[in-house]
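Coordinates from protein_37.csv are shown below (CSV, N, CA and C atoms).
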```csv
chain,number,residue,atom,x,y,z
A,11,MET,N,-12.9,1.9,-19.7
A,11,MET,CA,-11.6,1.1,-19.6
A,11,MET,C,-11.0,0.9,-20.9
A,12,SER,N,-9.8,1.2,-21.1
A,12,SER,CA,-9.1,1.0,-22.3
A,12,SER,C,-8.8,-0.5,-22.6
A,13,ARG,N,-8.8,-0.9,-23.8
A,13,ARG,CA,-8.5,-2.3,-24.2
A,13,ARG,C,-7.1,-2.4,-24.8
A,14,ILE,N,-6.3,-3.4,-24.4
A,14,ILE,CA,-5.0,-3.6,-24.9
A,14,ILE,C,-4.9,-5.0,-25.4
A,15,LEU,N,-4.4,-5.2,-26.6
A,15,LEU,CA,-4.2,-6.5,-27.2
A,15,LEU,C,-2.7,-6.8,-27.2
A,16,VAL,N,-2.3,-7.9,-26.7
A,16,VAL,CA,-0.9,-8.3,-26.7
A,16,VAL,C,-0.7,-9.4,-27.8
A,17,VAL,N,0.2,-9.1,-28.8
A,17,VAL,CA,0.4,-10.1,-29.8
A,17,VAL,C,1.9,-10.5,-29.7
A,18,ASP,N,2.1,-11.7,-29.2
A,18,ASP,CA,3.5,-12.2,-29.0
A,18,ASP,C,3.4,-13.7,-29.0
A,19,ASP,N,4.3,-14.3,-29.8
A,19,ASP,CA,4.4,-15.8,-29.9
A,19,ASP,C,5.0,-16.4,-28.6
A,20,ASP,N,5.7,-15.7,-27.8
A,20,ASP,CA,6.2,-16.2,-26.6
A,20,ASP,C,5.1,-16.2,-25.6
A,21,GLN,N,4.5,-17.3,-25.3
A,21,GLN,CA,3.3,-17.4,-24.5
A,21,GLN,C,3.6,-16.9,-23.0
A,22,ALA,N,4.7,-17.2,-22.5
A,22,ALA,CA,5.1,-16.7,-21.1
A,22,ALA,C,5.1,-15.2,-21.1
A,23,SER,N,5.8,-14.7,-22.1
A,23,SER,CA,5.9,-13.2,-22.2
A,23,SER,C,4.6,-12.5,-22.3
A,24,ALA,N,3.7,-13.1,-23.2
A,24,ALA,CA,2.4,-12.5,-23.4
A,24,ALA,C,1.6,-12.6,-22.2
A,25,ARG,N,1.6,-13.7,-21.5
A,25,ARG,CA,0.8,-13.9,-20.3
A,25,ARG,C,1.3,-12.9,-19.2
A,26,THR,N,2.6,-12.8,-19.0
A,26,THR,CA,3.1,-11.8,-18.1
A,26,THR,C,2.6,-10.4,-18.3
A,27,LEU,N,2.7,-10.0,-19.6
A,27,LEU,CA,2.2,-8.7,-20.0
A,27,LEU,C,0.7,-8.5,-19.7
A,28,GLU,N,0.0,-9.6,-20.1
A,28,GLU,CA,-1.5,-9.6,-19.9
A,28,GLU,C,-1.8,-9.4,-18.4
A,29,LEU,N,-1.2,-10.1,-17.5
A,29,LEU,CA,-1.5,-10.0,-16.1
A,29,LEU,C,-1.1,-8.7,-15.5
A,30,HIS,N,0.1,-8.2,-16.0
A,30,HIS,CA,0.5,-6.9,-15.5
A,30,HIS,C,-0.4,-5.8,-15.9
A,31,LEU,N,-0.9,-5.8,-17.2
A,31,LEU,CA,-1.8,-4.8,-17.7
A,31,LEU,C,-3.2,-4.8,-17.0
A,32,ARG,N,-3.6,-6.1,-16.8
A,32,ARG,CA,-4.9,-6.2,-16.1
A,32,ARG,C,-4.8,-5.6,-14.7
A,33,ALA,N,-3.6,-5.9,-14.0
A,33,ALA,CA,-3.4,-5.3,-12.7
A,33,ALA,C,-3.4,-3.8,-12.7
A,34,GLN,N,-3.1,-3.2,-13.9
A,34,GLN,CA,-3.1,-1.7,-14.0
A,34,GLN,C,-4.5,-1.2,-14.4
A,35,GLY,N,-5.5,-2.1,-14.5
A,35,GLY,CA,-6.8,-1.7,-14.8
A,35,GLY,C,-7.3,-1.7,-16.2
A,36,PHE,N,-6.5,-2.3,-17.1
A,36,PHE,CA,-6.8,-2.4,-18.5
A,36,PHE,C,-7.6,-3.7,-18.8
A,37,GLU,N,-8.5,-3.7,-19.8
A,37,GLU,CA,-9.1,-4.9,-20.3
A,37,GLU,C,-8.1,-5.4,-21.3
A,38,THR,N,-7.7,-6.7,-21.2
A,38,THR,CA,-6.6,-7.2,-22.1
A,38,THR,C,-7.1,-8.5,-22.8
A,39,SER,N,-6.4,-8.7,-23.9
A,39,SER,CA,-6.6,-9.9,-24.7
A,39,SER,C,-5.2,-10.3,-25.3
A,40,VAL,N,-5.0,-11.6,-25.6
A,40,VAL,CA,-3.8,-12.0,-26.1
A,40,VAL,C,-4.0,-12.8,-27.4
A,41,ALA,N,-3.0,-12.7,-28.3
A,41,ALA,CA,-2.9,-13.5,-29.5
A,41,ALA,C,-1.5,-14.0,-29.7
A,42,HIS,N,-1.2,-15.2,-30.2
A,42,HIS,CA,0.1,-15.7,-30.3
A,42,HIS,C,0.7,-15.7,-31.7
A,43,ASP,N,0.1,-15.1,-32.7
A,43,ASP,CA,0.7,-14.9,-34.0
A,43,ASP,C,0.0,-13.7,-34.7
A,44,ALA,N,0.6,-13.3,-35.7
A,44,ALA,CA,0.1,-12.1,-36.4
A,44,ALA,C,-1.3,-12.2,-36.9
A,45,GLU,N,-1.6,-13.4,-37.5
A,45,GLU,CA,-3.0,-13.6,-38.1
A,45,GLU,C,-4.0,-13.6,-37.0
A,46,ALA,N,-3.7,-14.3,-35.9
A,46,ALA,CA,-4.7,-14.3,-34.8
A,46,ALA,C,-4.8,-12.9,-34.2
A,47,GLY,N,-3.7,-12.2,-34.1
A,47,GLY,CA,-3.8,-10.8,-33.6
A,47,GLY,C,-4.6,-9.9,-34.5
A,48,LEU,N,-4.5,-10.0,-35.8
A,48,LEU,CA,-5.3,-9.2,-36.7
A,48,LEU,C,-6.7,-9.6,-36.6
A,49,ALA,N,-7.1,-10.9,-36.5
A,49,ALA,CA,-8.4,-11.3,-36.3
A,49,ALA,C,-9.0,-10.8,-35.0
A,50,ARG,N,-8.3,-10.9,-34.0
A,50,ARG,CA,-8.7,-10.4,-32.6
A,50,ARG,C,-8.9,-8.9,-32.7
A,51,ALA,N,-8.0,-8.2,-33.3
A,51,ALA,CA,-8.1,-6.7,-33.3
A,51,ALA,C,-9.4,-6.3,-34.1
A,52,SER,N,-9.6,-7.0,-35.2
A,52,SER,CA,-10.8,-6.7,-36.0
A,52,SER,C,-12.1,-6.9,-35.3
A,53,GLU,N,-12.2,-8.0,-34.5
A,53,GLU,CA,-13.5,-8.2,-33.8
A,53,GLU,C,-13.6,-7.5,-32.4
A,54,TRP,N,-12.5,-7.3,-31.8
A,54,TRP,CA,-12.5,-6.8,-30.4
A,54,TRP,C,-12.2,-5.3,-30.3
A,55,ARG,N,-11.6,-4.7,-31.3
A,55,ARG,CA,-11.3,-3.3,-31.4
A,55,ARG,C,-10.5,-2.7,-30.2
A,56,PRO,N,-9.3,-3.1,-30.1
A,56,PRO,CA,-8.5,-2.6,-28.9
A,56,PRO,C,-8.1,-1.1,-29.2
A,57,ASP,N,-7.7,-0.4,-28.1
A,57,ASP,CA,-7.2,0.9,-28.2
A,57,ASP,C,-5.7,1.0,-28.4
A,58,LEU,N,-5.1,-0.1,-28.0
A,58,LEU,CA,-3.6,-0.2,-28.2
A,58,LEU,C,-3.2,-1.6,-28.4
A,59,VAL,N,-2.2,-1.9,-29.2
A,59,VAL,CA,-1.7,-3.2,-29.5
A,59,VAL,C,-0.2,-3.2,-29.1
A,60,ILE,N,0.2,-4.2,-28.3
A,60,ILE,CA,1.6,-4.4,-28.0
A,60,ILE,C,2.0,-5.6,-29.0
A,61,LEU,N,2.9,-5.3,-29.9
A,61,LEU,CA,3.1,-6.2,-31.0
A,61,LEU,C,4.6,-6.6,-31.1
A,62,ASP,N,4.8,-7.9,-31.0
A,62,ASP,CA,6.2,-8.5,-31.2
A,62,ASP,C,6.6,-8.4,-32.6
A,63,VAL,N,7.9,-8.2,-32.9
A,63,VAL,CA,8.3,-8.1,-34.2
A,63,VAL,C,8.5,-9.5,-34.9
A,64,ARG,N,9.2,-10.4,-34.2
A,64,ARG,CA,9.5,-11.7,-34.8
A,64,ARG,C,8.6,-12.8,-34.3
A,65,MET,N,7.8,-13.3,-35.2
A,65,MET,CA,6.9,-14.4,-34.9
A,65,MET,C,6.8,-15.3,-36.1
A,66,PRO,N,6.4,-16.6,-35.8
A,66,PRO,CA,6.3,-17.5,-37.0
A,66,PRO,C,5.2,-17.0,-37.9
A,67,GLY,N,5.4,-17.3,-39.2
A,67,GLY,CA,4.5,-16.8,-40.2
A,67,GLY,C,4.8,-15.3,-40.5
A,68,ARG,N,3.7,-14.5,-40.5
A,68,ARG,CA,3.9,-13.1,-40.7
A,68,ARG,C,4.6,-12.4,-39.5
A,69,SER,N,5.5,-11.5,-39.7
A,69,SER,CA,6.1,-10.8,-38.6
A,69,SER,C,5.2,-9.6,-38.2
A,70,GLY,N,5.5,-9.1,-37.0
A,70,GLY,CA,4.8,-7.9,-36.5
A,70,GLY,C,4.9,-6.8,-37.5
A,71,LEU,N,6.0,-6.6,-38.1
A,71,LEU,CA,6.2,-5.5,-39.1
A,71,LEU,C,5.3,-5.7,-40.3
A,72,GLU,N,5.1,-7.0,-40.7
A,72,GLU,CA,4.3,-7.3,-41.9
A,72,GLU,C,2.8,-7.0,-41.6
A,73,VAL,N,2.4,-7.3,-40.3
A,73,VAL,CA,0.9,-7.1,-40.0
A,73,VAL,C,0.6,-5.7,-39.5
A,74,LEU,N,1.6,-5.0,-39.2
A,74,LEU,CA,1.4,-3.6,-38.7
A,74,LEU,C,0.5,-2.7,-39.6
A,75,PRO,N,0.8,-2.7,-40.9
A,75,PRO,CA,-0.1,-1.8,-41.8
A,75,PRO,C,-1.5,-2.3,-41.8
A,76,ASP,N,-1.7,-3.6,-41.7
A,76,ASP,CA,-3.1,-4.1,-41.7
A,76,ASP,C,-3.8,-3.7,-40.4
A,77,LEU,N,-3.1,-3.7,-39.3
A,77,LEU,CA,-3.7,-3.3,-38.0
A,77,LEU,C,-4.1,-1.8,-38.1
A,78,LYS,N,-3.2,-1.0,-38.6
A,78,LYS,CA,-3.5,0.4,-38.8
A,78,LYS,C,-4.6,0.7,-39.8
A,79,ALA,N,-4.8,-0.2,-40.7
A,79,ALA,CA,-5.9,0.0,-41.7
A,79,ALA,C,-7.2,-0.3,-41.0
A,80,LEU,N,-7.2,-1.1,-40.0
A,80,LEU,CA,-8.5,-1.4,-39.3
A,80,LEU,C,-9.0,-0.1,-38.6
A,81,ASP,N,-8.0,0.6,-38.0
A,81,ASP,CA,-8.3,1.9,-37.3
A,81,ASP,C,-7.0,2.7,-37.3
A,82,PRO,N,-6.9,3.8,-38.1
A,82,PRO,CA,-5.7,4.6,-38.1
A,82,PRO,C,-5.4,5.2,-36.7
A,83,ARG,N,-6.4,5.3,-35.8
A,83,ARG,CA,-6.1,5.9,-34.5
A,83,ARG,C,-5.6,4.8,-33.5
A,84,LEU,N,-5.5,3.6,-34.0
A,84,LEU,CA,-5.0,2.5,-33.1
A,84,LEU,C,-3.5,2.8,-32.7
A,85,HIS,N,-3.2,2.7,-31.4
A,85,HIS,CA,-1.9,2.9,-30.9
A,85,HIS,C,-1.2,1.6,-31.0
A,86,VAL,N,0.1,1.6,-31.4
A,86,VAL,CA,0.9,0.4,-31.5
A,86,VAL,C,2.3,0.6,-30.8
A,87,VAL,N,2.5,-0.3,-29.9
A,87,VAL,CA,3.9,-0.4,-29.2
A,87,VAL,C,4.5,-1.7,-29.7
A,88,VAL,N,5.7,-1.6,-30.4
A,88,VAL,CA,6.4,-2.7,-30.9
A,88,VAL,C,7.4,-3.1,-29.8
A,89,ILE,N,7.5,-4.5,-29.6
A,89,ILE,CA,8.4,-5.0,-28.7
A,89,ILE,C,9.3,-6.0,-29.5
A,90,THR,N,10.6,-6.1,-29.1
A,90,THR,CA,11.4,-7.1,-29.8
A,90,THR,C,12.7,-7.4,-28.9
A,91,ALA,N,13.1,-8.6,-29.1
A,91,ALA,CA,14.4,-9.0,-28.5
A,91,ALA,C,15.6,-8.7,-29.4
A,92,PHE,N,15.3,-8.4,-30.6
A,92,PHE,CA,16.3,-8.1,-31.6
A,92,PHE,C,16.3,-6.6,-32.0
A,93,HIS,N,17.3,-5.9,-31.5
A,93,HIS,CA,17.4,-4.5,-31.7
A,93,HIS,C,18.3,-4.1,-32.8
A,94,ASP,N,17.8,-3.4,-33.8
A,94,ASP,CA,18.6,-2.8,-34.8
A,94,ASP,C,17.9,-1.5,-35.3
A,95,MET,N,18.7,-0.6,-35.7
A,95,MET,CA,18.1,0.7,-36.1
A,95,MET,C,17.2,0.6,-37.3
A,96,GLU,N,17.5,-0.3,-38.2
A,96,GLU,CA,16.7,-0.5,-39.4
A,96,GLU,C,15.3,-0.9,-39.1
A,97,THR,N,15.2,-1.9,-38.2
A,97,THR,CA,13.9,-2.4,-37.7
A,97,THR,C,13.1,-1.3,-37.0
A,98,THR,N,13.8,-0.5,-36.2
A,98,THR,CA,13.1,0.6,-35.4
A,98,THR,C,12.5,1.6,-36.4
A,99,ILE,N,13.3,2.0,-37.4
A,99,ILE,CA,12.8,2.9,-38.4
A,99,ILE,C,11.7,2.4,-39.2
A,100,GLU,N,11.7,1.1,-39.6
A,100,GLU,CA,10.6,0.5,-40.3
A,100,GLU,C,9.4,0.5,-39.5
A,101,ALA,N,9.5,0.1,-38.2
A,101,ALA,CA,8.3,0.1,-37.3
A,101,ALA,C,7.7,1.4,-37.2
A,102,MET,N,8.4,2.5,-37.0
A,102,MET,CA,7.9,3.8,-36.9
A,102,MET,C,7.3,4.3,-38.2
A,103,GLN,N,7.9,4.0,-39.3
A,103,GLN,CA,7.3,4.3,-40.6
A,103,GLN,C,6.0,3.7,-40.9
A,104,LYS,N,5.8,2.5,-40.4
A,104,LYS,CA,4.6,1.7,-40.6
A,104,LYS,C,3.5,2.0,-39.5
A,105,GLY,N,3.8,2.9,-38.6
A,105,GLY,CA,2.8,3.4,-37.7
A,105,GLY,C,3.0,3.1,-36.2
A,106,ALA,N,4.1,2.4,-35.8
A,106,ALA,CA,4.3,2.2,-34.4
A,106,ALA,C,4.7,3.5,-33.7
A,107,GLU,N,4.2,3.7,-32.5
A,107,GLU,CA,4.5,4.9,-31.8
A,107,GLU,C,5.6,4.7,-30.7
A,108,GLU,N,5.8,3.5,-30.3
A,108,GLU,CA,6.9,3.2,-29.4
A,108,GLU,C,7.6,1.9,-29.8
A,109,TYR,N,8.8,1.8,-29.4
A,109,TYR,CA,9.6,0.6,-29.7
A,109,TYR,C,10.4,0.2,-28.4
A,110,ILE,N,10.0,-0.9,-27.8
A,110,ILE,CA,10.6,-1.3,-26.5
A,110,ILE,C,11.3,-2.6,-26.7
A,111,HIS,N,12.5,-2.7,-26.1
A,111,HIS,CA,13.3,-3.9,-26.2
A,111,HIS,C,12.9,-5.0,-25.1
A,112,LYS,N,13.0,-6.2,-25.5
A,112,LYS,CA,12.8,-7.3,-24.5
A,112,LYS,C,14.1,-7.6,-23.8
A,113,PRO,N,14.1,-8.1,-22.6
A,113,PRO,CA,12.9,-8.2,-21.8
A,113,PRO,C,12.3,-6.9,-21.5
A,114,VAL,N,11.0,-6.8,-21.5
A,114,VAL,CA,10.2,-5.6,-21.4
A,114,VAL,C,10.4,-5.0,-20.0
A,115,ASP,N,10.8,-3.8,-19.9
A,115,ASP,CA,10.8,-3.1,-18.6
A,115,ASP,C,9.4,-2.6,-18.4
A,116,VAL,N,8.7,-3.1,-17.3
A,116,VAL,CA,7.3,-2.7,-17.1
A,116,VAL,C,7.1,-1.2,-16.9
A,117,ASP,N,8.1,-0.6,-16.3
A,117,ASP,CA,8.0,0.9,-16.0
A,117,ASP,C,8.0,1.6,-17.4
A,118,GLU,N,8.9,1.2,-18.3
A,118,GLU,CA,9.0,1.8,-19.6
A,118,GLU,C,7.7,1.5,-20.4
A,119,LEU,N,7.2,0.3,-20.3
A,119,LEU,CA,5.9,0.0,-20.9
A,119,LEU,C,4.8,0.8,-20.3
A,120,ASP,N,4.7,0.9,-19.0
A,120,ASP,CA,3.6,1.7,-18.4
A,120,ASP,C,3.6,3.1,-18.8
A,121,ALA,N,4.8,3.7,-18.9
A,121,ALA,CA,5.0,5.1,-19.3
A,121,ALA,C,4.5,5.3,-20.7
A,122,ALA,N,4.8,4.3,-21.6
A,122,ALA,CA,4.4,4.4,-23.0
A,122,ALA,C,2.9,4.3,-23.1
A,123,VAL,N,2.3,3.3,-22.4
A,123,VAL,CA,0.8,3.1,-22.4
A,123,VAL,C,0.1,4.3,-21.9
A,124,VAL,N,0.5,4.9,-20.8
A,124,VAL,CA,-0.1,6.1,-20.2
A,124,VAL,C,0.0,7.3,-21.2
A,125,ARG,N,1.1,7.4,-21.8
A,125,ARG,CA,1.3,8.5,-22.8
A,125,ARG,C,0.4,8.4,-24.0
A,126,LEU,N,0.3,7.1,-24.5
A,126,LEU,CA,-0.5,6.9,-25.7
A,126,LEU,C,-2.0,6.9,-25.5
A,127,LEU,N,-2.4,6.5,-24.3
A,127,LEU,CA,-3.8,6.4,-24.1
A,127,LEU,C,-4.3,7.6,-23.3
```

What would you get if you wrote out this structure as structure tokens?
Amino acid sequence: MSRILVVDDDQASARTLELHLRAQGFETSVAHDAEAGLARASEWRPDLVILDVRMPGRSGLEVLPDLKALDPRLHVVVITAFHDMETTIEAMQKGAEEYIHKPVDVDELDAAVVRLL
């Protein structure tokens, strides 16, 4: 069973994604800020991280290189409510493989997860 870590400061959003992914058969875990996400990824070793861009403290884009340093094969899907081309390009340059806008379309997310895993 693949492991998916959701890192999002919006607790309702994170919980919704967690429940959806569990229903799809994935083992899931949640963190609500970048530092907690990095710590959880280090100990739990997920196969894929769903990472929000804007969070208090370090942003998703700031922690992304640290996540990839833990495991270069780690798949990362970036999610954000704030869409701009510059952020999209930066996320991809730092190792994200997908970029999905909030509110997250679960069909779009499912397709990305299946493709990456």

Judged by only C-alpha atoms, the minimum distance to A:Leu31 among A:Ile99, A:Ala46, A:Ile14, A:Val63 is found for A:Ile14

Members of chain A assigned strand (DSSP E) by DSSP, as a VMD selection string
chain A and resid 13 to 17 37 to 41 58 to 62 85 to 90 108 to 111

Which residues come within 10 Å of A:Thr90, counting only C-alpha atoms, excluding same-chain residues fewer than 2 positions away, as an NGL selection string?
:A and (18 or 61-65 or 70 or 88 or 92-94 or 97-98 or 109-114)

Nearest to A:Arg83 among A:Glu100, A:Asp43, A:Leu126, A:Ser69, with distances taken over only C-alpha atoms: which residue is it?
A:Leu126

Going by DSSP on the backbone, which bits of chain A are alpha helix (DSSP H)? Write them as a tab-separated table (two decimals) with N, CA and C atoms, in the coordinates of the input, please.
```tsv
chain	number	residue	atom	x	y	z
A	21	GLN	N	4.50	-17.30	-25.30
A	21	GLN	CA	3.30	-17.40	-24.50
A	21	GLN	C	3.60	-16.90	-23.00
A	22	ALA	N	4.70	-17.20	-22.50
A	22	ALA	CA	5.10	-16.70	-21.10
A	22	ALA	C	5.10	-15.20	-21.10
A	23	SER	N	5.80	-14.70	-22.10
A	23	SER	CA	5.90	-13.20	-22.20
A	23	SER	C	4.60	-12.50	-22.30
A	24	ALA	N	3.70	-13.10	-23.20
A	24	ALA	CA	2.40	-12.50	-23.40
A	24	ALA	C	1.60	-12.60	-22.20
A	25	ARG	N	1.60	-13.70	-21.50
A	25	ARG	CA	0.80	-13.90	-20.30
A	25	ARG	C	1.30	-12.90	-19.20
A	26	THR	N	2.60	-12.80	-19.00
A	26	THR	CA	3.10	-11.80	-18.10
A	26	THR	C	2.60	-10.40	-18.30
A	27	LEU	N	2.70	-10.00	-19.60
A	27	LEU	CA	2.20	-8.70	-20.00
A	27	LEU	C	0.70	-8.50	-19.70
A	28	GLU	N	0.00	-9.60	-20.10
A	28	GLU	CA	-1.50	-9.60	-19.90
A	28	GLU	C	-1.80	-9.40	-18.40
A	29	LEU	N	-1.20	-10.10	-17.50
A	29	LEU	CA	-1.50	-10.00	-16.10
A	29	LEU	C	-1.10	-8.70	-15.50
A	30	HIS	N	0.10	-8.20	-16.00
A	30	HIS	CA	0.50	-6.90	-15.50
A	30	HIS	C	-0.40	-5.80	-15.90
A	31	LEU	N	-0.90	-5.80	-17.20
A	31	LEU	CA	-1.80	-4.80	-17.70
A	31	LEU	C	-3.20	-4.80	-17.00
A	32	ARG	N	-3.60	-6.10	-16.80
A	32	ARG	CA	-4.90	-6.20	-16.10
A	32	ARG	C	-4.80	-5.60	-14.70
A	33	ALA	N	-3.60	-5.90	-14.00
A	33	ALA	CA	-3.40	-5.30	-12.70
A	33	ALA	C	-3.40	-3.80	-12.70
A	44	ALA	N	0.60	-13.30	-35.70
A	44	ALA	CA	0.10	-12.10	-36.40
A	44	ALA	C	-1.30	-12.20	-36.90
A	45	GLU	N	-1.60	-13.40	-37.50
A	45	GLU	CA	-3.00	-13.60	-38.10
A	45	GLU	C	-4.00	-13.60	-37.00
A	46	ALA	N	-3.70	-14.30	-35.90
A	46	ALA	CA	-4.70	-14.30	-34.80
A	46	ALA	C	-4.80	-12.90	-34.20
A	47	GLY	N	-3.70	-12.20	-34.10
A	47	GLY	CA	-3.80	-10.80	-33.60
A	47	GLY	C	-4.60	-9.90	-34.50
A	48	LEU	N	-4.50	-10.00	-35.80
A	48	LEU	CA	-5.30	-9.20	-36.70
A	48	LEU	C	-6.70	-9.60	-36.60
A	49	ALA	N	-7.10	-10.90	-36.50
A	49	ALA	CA	-8.40	-11.30	-36.30
A	49	ALA	C	-9.00	-10.80	-35.00
A	50	ARG	N	-8.30	-10.90	-34.00
A	50	ARG	CA	-8.70	-10.40	-32.60
A	50	ARG	C	-8.90	-8.90	-32.70
A	51	ALA	N	-8.00	-8.20	-33.30
A	51	ALA	CA	-8.10	-6.70	-33.30
A	51	ALA	C	-9.40	-6.30	-34.10
A	52	SER	N	-9.60	-7.00	-35.20
A	52	SER	CA	-10.80	-6.70	-36.00
A	52	SER	C	-12.10	-6.90	-35.30
A	53	GLU	N	-12.20	-8.00	-34.50
A	53	GLU	CA	-13.50	-8.20	-33.80
A	53	GLU	C	-13.60	-7.50	-32.40
A	54	TRP	N	-12.50	-7.30	-31.80
A	54	TRP	CA	-12.50	-6.80	-30.40
A	54	TRP	C	-12.20	-5.30	-30.30
A	70	GLY	N	5.50	-9.10	-37.00
A	70	GLY	CA	4.80	-7.90	-36.50
A	70	GLY	C	4.90	-6.80	-37.50
A	71	LEU	N	6.00	-6.60	-38.10
A	71	LEU	CA	6.20	-5.50	-39.10
A	71	LEU	C	5.30	-5.70	-40.30
A	72	GLU	N	5.10	-7.00	-40.70
A	72	GLU	CA	4.30	-7.30	-41.90
A	72	GLU	C	2.80	-7.00	-41.60
A	73	VAL	N	2.40	-7.30	-40.30
A	73	VAL	CA	0.90	-7.10	-40.00
A	73	VAL	C	0.60	-5.70	-39.50
A	74	LEU	N	1.60	-5.00	-39.20
A	74	LEU	CA	1.40	-3.60	-38.70
A	74	LEU	C	0.50	-2.70	-39.60
A	75	PRO	N	0.80	-2.70	-40.90
A	75	PRO	CA	-0.10	-1.80	-41.80
A	75	PRO	C	-1.50	-2.30	-41.80
A	76	ASP	N	-1.70	-3.60	-41.70
A	76	ASP	CA	-3.10	-4.10	-41.70
A	76	ASP	C	-3.80	-3.70	-40.40
A	77	LEU	N	-3.10	-3.70	-39.30
A	77	LEU	CA	-3.70	-3.30	-38.00
A	77	LEU	C	-4.10	-1.80	-38.10
A	78	LYS	N	-3.20	-1.00	-38.60
A	78	LYS	CA	-3.50	0.40	-38.80
A	78	LYS	C	-4.60	0.70	-39.80
A	79	ALA	N	-4.80	-0.20	-40.70
A	79	ALA	CA	-5.90	0.00	-41.70
A	79	ALA	C	-7.20	-0.30	-41.00
A	80	LEU	N	-7.20	-1.10	-40.00
A	80	LEU	CA	-8.50	-1.40	-39.30
A	80	LEU	C	-9.00	-0.10	-38.60
A	95	MET	N	18.70	-0.60	-35.70
A	95	MET	CA	18.10	0.70	-36.10
A	95	MET	C	17.20	0.60	-37.30
A	96	GLU	N	17.50	-0.30	-38.20
A	96	GLU	CA	16.70	-0.50	-39.40
A	96	GLU	C	15.30	-0.90	-39.10
A	97	THR	N	15.20	-1.90	-38.20
A	97	THR	CA	13.90	-2.40	-37.70
A	97	THR	C	13.10	-1.30	-37.00
A	98	THR	N	13.80	-0.50	-36.20
A	98	THR	CA	13.10	0.60	-35.40
A	98	THR	C	12.50	1.60	-36.40
A	99	ILE	N	13.30	2.00	-37.40
A	99	ILE	CA	12.80	2.90	-38.40
A	99	ILE	C	11.70	2.40	-39.20
A	100	GLU	N	11.70	1.10	-39.60
A	100	GLU	CA	10.60	0.50	-40.30
A	100	GLU	C	9.40	0.50	-39.50
A	101	ALA	N	9.50	0.10	-38.20
A	101	ALA	CA	8.30	0.10	-37.30
A	101	ALA	C	7.70	1.40	-37.20
A	102	MET	N	8.40	2.50	-37.00
A	102	MET	CA	7.90	3.80	-36.90
A	102	MET	C	7.30	4.30	-38.20
A	103	GLN	N	7.90	4.00	-39.30
A	103	GLN	CA	7.30	4.30	-40.60
A	103	GLN	C	6.00	3.70	-40.90
A	116	VAL	N	8.70	-3.10	-17.30
A	116	VAL	CA	7.30	-2.70	-17.10
A	116	VAL	C	7.10	-1.20	-16.90
A	117	ASP	N	8.10	-0.60	-16.30
A	117	ASP	CA	8.00	0.90	-16.00
A	117	ASP	C	8.00	1.60	-17.40
A	118	GLU	N	8.90	1.20	-18.30
A	118	GLU	CA	9.00	1.80	-19.60
A	118	GLU	C	7.70	1.50	-20.40
A	119	LEU	N	7.20	0.30	-20.30
A	119	LEU	CA	5.90	0.00	-20.90
A	119	LEU	C	4.80	0.80	-20.30
A	120	ASP	N	4.70	0.90	-19.00
A	120	ASP	CA	3.60	1.70	-18.40
A	120	ASP	C	3.60	3.10	-18.80
A	121	ALA	N	4.80	3.70	-18.90
A	121	ALA	CA	5.00	5.10	-19.30
A	121	ALA	C	4.50	5.30	-20.70
A	122	ALA	N	4.80	4.30	-21.60
A	122	ALA	CA	4.40	4.40	-23.00
A	122	ALA	C	2.90	4.30	-23.10
A	123	VAL	N	2.30	3.30	-22.40
A	123	VAL	CA	0.80	3.10	-22.40
A	123	VAL	C	0.10	4.30	-21.90
A	124	VAL	N	0.50	4.90	-20.80
A	124	VAL	CA	-0.10	6.10	-20.20
A	124	VAL	C	0.00	7.30	-21.20
A	125	ARG	N	1.10	7.40	-21.80
A	125	ARG	CA	1.30	8.50	-22.80
A	125	ARG	C	0.40	8.40	-24.00
A	126	LEU	N	0.30	7.10	-24.50
A	126	LEU	CA	-0.50	6.90	-25.70
A	126	LEU	C	-2.00	6.90	-25.50
```

Residues near A:Val86, anyone? I mean within 7 Å using all atoms listed in the file, not counting same-chain ones fewer than 6 positions away, as a ChimeraX atom specification.
/A:57-61,105-109

Select stretch 21-27 of chain A in the preceding structure and write N, CA, C and O atoms to a file as a PDB file, in the first residue's frame.
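Result saved to decode.pdb:
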```pdb
ATOM      1  N   GLN A  21      -6.766  22.901   8.087  1.00  0.00           N
ATOM      2  CA  GLN A  21      -7.067  21.597   8.674  1.00  0.00           C
ATOM      3  C   GLN A  21      -8.250  20.906   8.011  1.00  0.00           C
ATOM      4  O   GLN A  21      -8.234  19.686   7.837  1.00  0.00           O
ATOM      5  N   ALA A  22      -9.267  21.662   7.624  1.00  0.00           N
ATOM      6  CA  ALA A  22     -10.431  21.056   6.968  1.00  0.00           C
ATOM      7  C   ALA A  22     -10.041  20.472   5.619  1.00  0.00           C
ATOM      8  O   ALA A  22     -10.444  19.360   5.255  1.00  0.00           O
ATOM      9  N   SER A  23      -9.261  21.225   4.874  1.00  0.00           N
ATOM     10  CA  SER A  23      -8.789  20.754   3.565  1.00  0.00           C
ATOM     11  C   SER A  23      -7.939  19.496   3.714  1.00  0.00           C
ATOM     12  O   SER A  23      -8.111  18.523   2.975  1.00  0.00           O
ATOM     13  N   ALA A  24      -7.017  19.531   4.664  1.00  0.00           N
ATOM     14  CA  ALA A  24      -6.132  18.391   4.891  1.00  0.00           C
ATOM     15  C   ALA A  24      -6.933  17.160   5.286  1.00  0.00           C
ATOM     16  O   ALA A  24      -6.681  16.052   4.792  1.00  0.00           O
ATOM     17  N   ARG A  25      -7.904  17.334   6.151  1.00  0.00           N
ATOM     18  CA  ARG A  25      -8.719  16.205   6.605  1.00  0.00           C
ATOM     19  C   ARG A  25      -9.542  15.640   5.454  1.00  0.00           C
ATOM     20  O   ARG A  25      -9.677  14.414   5.313  1.00  0.00           O
ATOM     21  N   THR A  26     -10.101  16.510   4.639  1.00  0.00           N
ATOM     22  CA  THR A  26     -10.881  16.055   3.486  1.00  0.00           C
ATOM     23  C   THR A  26     -10.016  15.228   2.547  1.00  0.00           C
ATOM     24  O   THR A  26     -10.426  14.150   2.101  1.00  0.00           O
ATOM     25  N   LEU A  27      -8.809  15.713   2.249  1.00  0.00           N
ATOM     26  CA  LEU A  27      -7.900  14.964   1.380  1.00  0.00           C
ATOM     27  C   LEU A  27      -7.500  13.642   2.024  1.00  0.00           C
ATOM     28  O   LEU A  27      -7.452  12.610   1.357  1.00  0.00           O
TER      29      LEU A  27
END
```
